[in-house]
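Enquirer: As input, take input07.txt (compact mmCIF, C-alpha atoms):
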# COMPACT_ATOMS: atom_id res chain seq x y z
CA MET U 1 7.63 4.80 27.83
CA LYS U 2 4.34 6.61 27.52
CA ARG U 3 1.60 5.05 25.37
CA SER U 4 2.06 6.45 21.85
CA THR U 5 -0.52 4.32 20.04
CA LEU U 6 -4.16 5.30 19.87
CA ARG U 7 -6.72 3.01 21.46
CA ILE U 8 -10.40 2.72 20.60
CA PRO U 9 -12.38 0.98 23.35
CA ASN U 10 -14.13 -2.23 22.28
CA LEU U 11 -12.89 -2.00 18.68
CA ARG U 12 -12.21 -5.73 18.44
CA THR U 13 -15.57 -6.55 20.00
CA SER U 14 -17.32 -4.28 17.49
CA ALA U 15 -15.42 -5.89 14.60
CA ASP U 16 -16.36 -9.35 15.91
CA LYS U 17 -20.02 -8.34 15.86
CA ILE U 18 -19.68 -7.55 12.17
CA HIS U 19 -17.96 -10.90 11.60
CA SER U 20 -20.80 -12.62 13.42
CA SER U 21 -23.45 -10.78 11.39
CA ILE U 22 -21.71 -11.72 8.14
CA TYR U 23 -21.31 -15.35 9.20
CA TRP U 24 -24.92 -15.83 10.27
CA PHE U 25 -26.10 -14.10 7.11
CA GLY U 26 -24.12 -16.66 5.10
CA PHE U 27 -25.13 -19.58 7.29
CA SER U 28 -28.83 -18.74 7.02
CA LYS U 29 -28.52 -18.79 3.23
CA ILE U 30 -27.00 -22.27 3.34
CA SER U 31 -29.53 -23.55 5.85
CA ASP U 32 -32.51 -22.22 3.91
CA LYS U 33 -30.90 -23.14 0.58
CA ILE U 34 -31.30 -19.57 -0.66
CA PHE U 35 -28.94 -18.73 -3.49
CA MET U 36 -29.67 -15.02 -3.85
CA SER U 37 -28.87 -12.32 -1.28
CA THR U 38 -31.45 -9.66 -0.55
CA GLU U 39 -30.31 -6.08 -1.12
CA HIS U 40 -31.68 -5.04 2.25
CA GLU U 41 -29.54 -7.54 4.21
CA ILE U 42 -26.38 -6.62 2.29
CA SER U 43 -27.10 -2.92 2.78
CA ASP U 44 -27.42 -3.52 6.52
CA LEU U 45 -24.02 -5.27 6.63
CA HIS U 46 -22.48 -2.46 4.59
CA ALA U 47 -23.95 0.12 6.98
CA GLN U 48 -22.35 -1.69 9.96
CA VAL U 49 -18.97 -1.52 8.24
CA LEU U 50 -19.32 2.19 7.42
CA SER U 51 -20.49 3.01 10.95
CA LEU U 52 -17.47 1.42 12.65
CA LEU U 53 -15.15 2.94 10.06
CA SER U 54 -16.58 6.37 10.83
CA ILE U 55 -16.02 5.86 14.57
CA ILE U 56 -12.36 4.97 13.95
CA ASN U 57 -11.71 7.96 11.70
CA LYS U 58 -13.41 10.44 14.04
CA HIS U 59 -11.54 9.11 17.07
CA CYS U 60 -8.13 9.31 15.34
CA THR U 61 -8.81 12.77 13.93
CA GLY U 62 -9.92 13.98 17.37
CA LYS U 63 -6.60 12.81 18.82
CA LEU U 64 -4.69 14.60 16.02
CA GLY U 65 -3.52 11.26 14.68
CA SER U 66 -4.40 8.83 11.92
CA PRO U 67 -5.62 5.19 11.84
CA ALA U 68 -1.96 4.22 11.36
CA ASP U 69 -1.42 5.34 14.98
CA LEU U 70 -3.55 2.43 16.20
CA SER U 71 -1.91 -0.76 17.44
CA THR U 72 -1.03 -3.20 14.67
CA SER U 73 -4.02 -5.47 15.37
CA SER U 74 -6.41 -2.49 15.42
CA PHE U 75 -4.81 -1.04 12.28
CA ARG U 76 -5.45 -4.35 10.52
CA ILE U 77 -9.11 -4.11 11.53
CA PHE U 78 -9.23 -0.61 10.04
CA LEU U 79 -7.68 -1.79 6.75
CA TRP U 80 -10.16 -4.68 6.60
CA LEU U 81 -13.13 -2.35 7.16
CA GLU U 82 -11.77 0.14 4.63
CA TYR U 83 -11.60 -2.67 2.06
CA LEU U 84 -15.15 -3.88 2.79
CA SER U 85 -16.49 -0.33 2.62
CA ARG U 86 -16.56 -0.73 -1.16
CA GLN U 87 -19.69 -2.69 -2.02
CA THR U 88 -17.97 -4.68 -4.76
CA HIS U 89 -15.41 -5.90 -2.21
CA LEU U 90 -18.12 -6.76 0.31
CA ALA U 91 -19.86 -8.78 -2.41
CA LEU U 92 -16.63 -10.73 -3.06
CA HIS U 93 -16.25 -11.32 0.68
CA LEU U 94 -19.81 -12.66 1.01
CA SER U 95 -19.38 -14.86 -2.04
CA ALA U 96 -16.19 -16.37 -0.58
CA LEU U 97 -17.88 -17.09 2.76
CA ASP U 98 -20.74 -18.72 0.88
CA GLU U 99 -18.28 -20.99 -0.94
CA PHE U 100 -16.44 -21.90 2.27
CA LEU U 101 -19.73 -22.82 3.94
CA ARG U 102 -20.89 -24.95 1.01
CA ILE U 103 -17.56 -26.80 0.98
CA LEU U 104 -17.84 -27.32 4.73
CA THR U 105 -21.37 -28.71 4.32
CA GLU U 106 -20.08 -31.22 1.76
CA GLN U 107 -17.14 -32.18 4.00
CA ASN U 108 -19.23 -32.42 7.15
CA LYS U 109 -19.10 -36.23 7.37
CA LYS U 110 -15.30 -36.05 7.50
CA THR U 111 -14.85 -32.92 9.59
CA ARG U 112 -17.82 -33.38 11.93
CA VAL U 113 -18.04 -29.63 12.41
CA ASP U 114 -21.27 -28.16 13.68
CA PRO U 115 -21.72 -24.88 11.73
CA GLU U 116 -23.83 -23.51 14.59
CA LYS U 117 -20.82 -23.82 16.92
CA LEU U 118 -18.46 -22.33 14.37
CA LEU U 119 -17.53 -18.79 13.37
CA ILE U 120 -15.59 -18.25 10.15
CA LYS U 121 -13.84 -14.89 10.23
CA ILE U 122 -12.39 -13.89 6.89
CA ASN U 123 -10.22 -11.00 8.02
CA TYR U 124 -6.86 -9.31 7.62
CA SER U 125 -4.91 -10.90 10.43
CA GLY U 126 -1.25 -11.86 10.17
CA TYR U 127 -2.22 -15.52 9.67
CA LEU U 128 -2.96 -17.39 6.46
CA TYR U 129 -5.49 -19.32 8.50
CA ARG U 130 -5.88 -20.13 12.17
CA ARG U 131 -8.27 -22.29 14.18
CA GLN U 132 -9.06 -21.58 17.83
CA LYS U 133 -11.54 -22.81 20.40
CA THR U 134 -13.09 -20.42 22.86
CA GLN U 135 -16.14 -20.75 25.12
CA GLY U 136 -17.31 -23.89 23.36
CA LYS U 137 -17.11 -22.31 19.90
CA THR U 138 -14.61 -22.96 17.13
CA ILE U 139 -13.29 -19.82 15.43
CA LEU U 140 -11.60 -20.17 12.06
CA GLN U 141 -9.71 -17.12 10.82
CA ILE U 142 -8.95 -17.01 7.09
CA ASN U 143 -6.87 -14.31 5.44
CA GLU U 144 -8.94 -11.95 3.29
CA ALA U 145 -6.52 -12.44 0.38
CA TYR U 146 -7.94 -15.97 -0.10
CA ILE U 147 -11.42 -14.75 -1.06
CA THR U 148 -10.73 -15.08 -4.79
CA ALA U 149 -8.70 -18.28 -4.43
CA PRO U 150 -9.75 -21.28 -6.55
CA PHE U 151 -12.21 -23.81 -5.14
CA GLU U 152 -9.45 -26.36 -4.44
CA ILE U 153 -7.45 -23.86 -2.35
CA LYS U 154 -10.50 -23.01 -0.25
CA LYS U 155 -11.13 -26.72 0.17
CA SER U 156 -7.52 -27.23 1.29
CA ILE U 157 -7.86 -24.48 3.93
CA LEU U 158 -10.86 -26.19 5.49
CA SER U 159 -9.21 -29.61 5.27
CA ALA U 160 -6.05 -28.28 6.92
CA ALA U 161 -8.07 -26.59 9.67
CA PHE U 162 -10.20 -29.60 10.57
CA SER U 163 -8.22 -32.65 9.40
CA ARG U 164 -5.56 -34.59 11.26
CA TYR U 165 -3.47 -34.77 8.12
CA GLN U 166 -2.49 -31.18 7.49
CA SER U 167 0.92 -31.24 5.80
CA LYS U 168 -0.22 -31.94 2.24
CA HIS U 169 -2.78 -29.15 2.50
CA THR U 170 -0.60 -26.54 4.21
CA SER U 171 2.06 -26.72 1.50
CA VAL U 172 -0.59 -25.93 -1.14
CA ILE U 173 -2.02 -23.09 0.97
CA LYS U 174 1.42 -21.53 1.51
CA ALA U 175 2.33 -21.90 -2.15
CA TYR U 176 -0.79 -19.95 -3.14
CA SER U 177 0.22 -17.12 -0.78
CA ASN U 178 3.18 -16.50 -3.14
CA ASN U 179 0.79 -16.38 -6.09
CA SER U 180 0.39 -13.05 -7.93
CA ASN U 181 -3.40 -13.16 -7.38
CA PHE U 182 -2.93 -13.45 -3.61
CA ARG U 183 -0.39 -10.61 -3.58
CA HIS U 184 -2.64 -8.43 -5.74
CA LEU U 185 -5.62 -8.87 -3.42
CA ASN U 186 -3.40 -8.34 -0.40
CA GLY U 187 -2.33 -5.04 -1.95
CA GLN U 188 -5.96 -4.05 -2.41
CA VAL U 189 -6.73 -4.73 1.25
CA SER U 190 -3.66 -2.88 2.53
CA GLY U 191 -4.61 0.05 0.31
CA ASP U 192 -2.62 3.25 -0.18
CA PRO U 193 0.15 4.02 2.35
CA ILE U 194 -1.04 5.78 5.50
CA ALA U 195 1.52 7.65 7.60
CA ASN U 196 1.20 7.75 11.37
CA LEU U 197 1.55 11.03 13.22
CA ILE U 198 1.89 10.04 16.89
CA SER U 199 3.29 6.53 17.33
CA CYS U 200 6.45 7.44 15.39
CA ARG U 201 7.52 9.67 18.30
CA GLY U 202 9.70 8.08 20.94
CA GLU U 203 11.04 9.57 24.14
CA LYS U 204 14.38 10.31 22.49
CA TYR U 205 13.97 9.82 18.74
CA ASN U 206 11.23 10.66 16.25
CA LEU U 207 11.25 8.02 13.51
CA SER U 208 9.41 10.33 11.11
CA PHE U 209 12.16 12.96 11.29
CA LEU U 210 14.87 10.34 10.83
CA PHE U 211 12.98 8.77 7.91
CA ASP U 212 12.75 12.13 6.13
CA LYS U 213 16.46 12.76 6.64
CA LEU U 214 17.48 9.34 5.28
CA ASN U 215 14.93 9.46 2.48
CA ASN U 216 16.37 12.73 1.16
CA GLU U 217 19.96 11.66 1.69
CA TYR U 218 19.86 8.17 0.16
CA PHE U 219 16.61 7.78 -1.82
CA ARG U 220 16.21 11.25 -3.38
CA GLY U 221 13.02 11.64 -1.35
CA GLN U 222 11.26 9.02 -3.48
CA LEU U 223 10.09 6.67 -0.71
CA SER U 224 6.59 7.29 0.61
CA GLN U 225 6.53 7.38 4.40
CA PRO U 226 5.33 4.05 5.74
CA ARG U 227 3.82 3.45 9.15
CA LEU U 228 6.77 4.00 11.51
CA VAL U 229 6.46 2.50 14.99
CA TRP U 230 8.51 1.72 18.05
CA SER U 231 8.06 -2.02 18.56
CA SER U 232 6.90 -3.21 21.97
CA ARG U 233 9.37 -6.08 21.61
CA ARG U 234 12.50 -5.15 23.51
CA SER U 235 14.92 -7.23 21.49
CA LYS U 236 18.69 -7.01 21.18
CA ARG U 237 18.79 -9.39 18.24
CA ARG U 238 15.98 -8.25 15.96
CA LEU U 239 16.35 -4.49 16.07
CA GLY U 240 13.88 -3.72 13.31
CA TYR U 241 11.70 -5.19 10.60
CA TYR U 242 9.71 -4.13 7.57
CA HIS U 243 6.23 -5.59 7.18
CA PRO U 244 5.21 -5.12 3.51
CA GLU U 245 1.62 -6.33 4.06
CA ILE U 246 0.77 -3.36 6.24
CA ASN U 247 3.57 -1.10 5.00
CA THR U 248 5.12 -0.81 8.46
CA ILE U 249 8.67 -0.30 9.67
CA ALA U 250 9.11 -1.17 13.33
CA VAL U 251 12.20 -0.44 15.43
CA THR U 252 12.75 -1.97 18.85
CA LYS U 253 12.14 0.31 21.83
CA ASN U 254 15.61 -0.60 23.10
CA LEU U 255 17.03 1.94 20.65
CA ASP U 256 14.83 4.79 21.86
CA ASP U 257 17.27 5.70 24.59
CA LYS U 258 19.57 8.67 25.17
CA LYS U 259 22.42 6.20 25.66
CA ILE U 260 22.00 4.91 22.09
CA PRO U 261 23.86 6.96 19.43
CA ARG U 262 21.68 8.44 16.71
CA LEU U 263 23.97 6.85 14.13
CA LEU U 264 22.88 3.37 15.23
CA VAL U 265 19.17 4.21 15.08
CA GLU U 266 19.63 5.70 11.61
CA TYR U 267 21.53 2.60 10.42
CA VAL U 268 18.79 0.23 11.60
CA LEU U 269 16.12 2.43 10.04
CA TYR U 270 18.11 2.69 6.79
CA HIS U 271 18.30 -1.12 6.64
CA GLU U 272 14.50 -1.38 6.89
CA MET U 273 14.02 1.40 4.35
CA LEU U 274 16.07 -0.69 1.93
CA HIS U 275 13.57 -3.52 2.45
CA GLN U 276 10.79 -1.07 1.61
CA HIS U 277 12.71 0.06 -1.49
CA PHE U 278 13.67 -3.36 -2.87
CA GLY U 279 10.69 -5.38 -1.63
CA ILE U 280 10.62 -9.17 -1.39
CA LYS U 281 11.73 -11.24 -4.34
CA ASN U 282 9.92 -14.52 -4.99
CA HIS U 283 11.73 -17.30 -6.81
CA ASN U 284 10.57 -20.92 -7.09
CA GLY U 285 8.23 -20.49 -4.14
CA ARG U 286 10.93 -19.01 -1.90
CA ARG U 287 11.13 -15.42 -0.66
CA TYR U 288 14.38 -13.45 -0.72
CA ALA U 289 14.87 -10.16 1.14
CA HIS U 290 18.65 -9.73 1.31
CA THR U 291 19.53 -9.86 -2.37
CA SER U 292 22.91 -8.87 -3.84
CA ALA U 293 21.44 -5.48 -4.82
CA PHE U 294 20.27 -5.01 -1.24
CA ARG U 295 23.71 -5.83 0.20
CA THR U 296 25.40 -3.43 -2.23
CA ALA U 297 23.03 -0.59 -1.30
CA GLU U 298 23.59 -1.28 2.39
CA LYS U 299 27.24 -0.34 1.96
CA PHE U 300 26.27 3.13 0.74
CA PHE U 301 25.41 4.13 4.30
CA LYS U 302 27.92 6.69 5.54
CA HIS U 303 29.96 5.53 8.55
CA GLN U 304 28.74 1.95 8.02
CA LYS U 305 31.84 0.48 9.69
CA GLU U 306 31.28 2.60 12.79
CA ALA U 307 27.59 1.61 12.85
CA GLU U 308 28.51 -2.08 12.59
CA LYS U 309 30.88 -1.71 15.55
CA LEU U 310 28.03 -0.18 17.58
CA LEU U 311 25.81 -3.11 16.66
CA LYS U 312 28.40 -5.57 17.96
CA LEU U 313 28.70 -3.65 21.21
CA LEU U 314 24.92 -3.74 21.59
CA HIS U 315 24.82 -7.50 21.16
Reformat the file's structure so that it appears as structure tokens.

Expert:
Amino acid sequence: MKRSTLRIPNLRTSADKIHSSIYWFGFSKISDKIFMSTEHEISDLHAQVLSLLSIINKHCTGKLGSPADLSTSSFRIFLWLEYLSRQTHLALHLSALDEFLRILTEQNKKTRVDPEKLLIKINYSGYLYRRQKTQGKTILQINEAYITAPFEIKKSILSAAFSRYQSKHTSVIKAYSNNSNFRHLNGQVSGDPIANLISCRGEKYNLSFLFDKLNNEYFRGQLSQPRLVWSSRRSKRRLGYYHPEINTIAVTKNLDDKKIPRLLVEYVLYHEMLHQHFGIKNHNGRRYAHTSAFRTAEKFFKHQKEAEKLLKLLH
């Protein structure tokens, strides 16, 4: 299959440079015990964000696409930059990094982490938090939605990342990710829905055309088009998924084949559109996707029995 996603050379490297600039800005404040940020330094960081954002937008427009046509990891970088492009959001981001660094300084006797060999990247990855070691440096990724989390949650993230005893901290961290404040901030970072124009096209099927057809037929045209992509995972078990964080429906490439009936592709896409319509229900810290209302709506699909038979043959 031909490459249908847009690629911007060195995008991740450029984003990492911004992360590094932000981190060392925060670290220098802690080291020098400066409690006020200079407007000039913040303006410089903001300018770096706007510059990379401009490069992304120009590249995508020049290819007759949109940022949603980038790979998922690159699209997440775009969403993160778009969020930080607002100065109030950048200020929140810097304040959160400052708090993480001050907590780390207080915990240093326990964690034994050298801040000069550390890089904290508060970003919009698919992880709540993640610690890695590369080229002698420790990199700690923290989800952007934690920037307004209470002090104790931030403390738990650092303890979980650098302590041997993680379980009591990870349960608290995960519980907060179901909190309305976390979900609200996550919604701010993901922003308004952005439709892709290129990566929805397969060799046989165009997901955008199929989405429009199903949207008009079953949802009265009320669903906004999400990011529709053909997943690089060639799976026969997980044929599709809806990712609410980045408003993406992905369908396995296995179905983009002239041997696969259109009915089956539409059924899989309809299933994921139901996830978009109903969302995820949270109850007592647990997430539910296939509710009774969801199962009832699934039966509204015309020729459902035939589609289910095709699914069994595929498996």

Enquirer: I'd like to know which of U:His275, U:Gly221, U:Trp80, U:Ile260 is closest to Tyr241 of chain U, using only C-alpha atoms.

Expert: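 Looking at the shortest contact to Tyr241 of chain U, the residue is U:His275.
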
Enquirer: Work out how far apart atom CA of Ser156 of chain U and atom CA of Glu116 of chain U are and give it in Å to one decimal.

Expert: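 Taking atom CA of Ser156 of chain U and atom CA of Glu116 of chain U, their separation equals 21.4 Å.
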
Enquirer: Considering all atoms listed in the file, can you say which of U:Phe211, U:Ile120, U:His315, U:Ser231 comes closest to Leu274 of chain U?

Expert: U:Phe211

Enquirer: Grab the atom CA of Phe182 of chain U to atom CA of Ala145 of chain U distance for me, in Å with one decimal place.

Expert: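 Value for the atom CA of Phe182 of chain U-atom CA of Ala145 of chain U distance: 5.5 Å.
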
Enquirer: Please report, as a tab-separated table, each residue of segment 146-232 of chain U lying at most 9 Å from segment 5-10 of chain U, together with the nearest pair of atoms and the separation in Å rounded to one decimal; use only C-alpha atoms, and order rows by chain and ascending residue number.

Expert:
residue	atom	partner	partner_atom	distance
U:Ile198	CA	U:Thr5	CA	7.0
U:Ser199	CA	U:Thr5	CA	5.2
U:Cys200	CA	U:Thr5	CA	8.9
U:Val229	CA	U:Thr5	CA	8.8

Enquirer: With all atoms listed in the file as the basis for distance, which of U:Tyr288, U:Phe278, U:Trp24, U:Phe162 is at the shortest distance from Arg131 of chain U?

Expert: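 That would be U:Phe162, the residue with the smallest distance to Arg131 of chain U.
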
Enquirer: By how many Å are atom CA of Lys117 of chain U and atom CA of Thr138 of chain U apart?

Expert: 6.3 Å

Enquirer: Out of U:Gly126, U:Gly187, U:Pro193, U:Gly202, which residue has the shortest atom-to-atom distance to Ile77 of chain U when counting all atoms listed in the file?

Expert: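 Among U:Gly126, U:Gly187, U:Pro193, U:Gly202, it is U:Gly126 that comes nearest to Ile77 of chain U.
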
Enquirer: Measuring between all atoms listed in the file, which one of U:Ser190, U:Ser95, U:Thr248, U:Ser20 shows the shortest distance to Arg76 of chain U?

Expert: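 Using all atoms listed in the file, Arg76 of chain U sits closest to U:Ser190.
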
Enquirer: Determine the nearest neighbour of Asp16 of chain U from the options U:Leu223, U:Ile122, U:Leu158, U:Leu314, counting all atoms listed in the file.

Expert: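 Using all atoms listed in the file, Asp16 of chain U sits closest to U:Ile122.
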
Enquirer: For Leu255 of chain U, please output as a VMD selection string all residues within 10 Å (counting only C-alpha atoms; exclusion window: fewer than 2 positions along the same chain).

Expert: chain U and resid 202 204 to 205 230 234 to 236 239 to 240 251 to 253 257 to 262 264 to 265 268 314
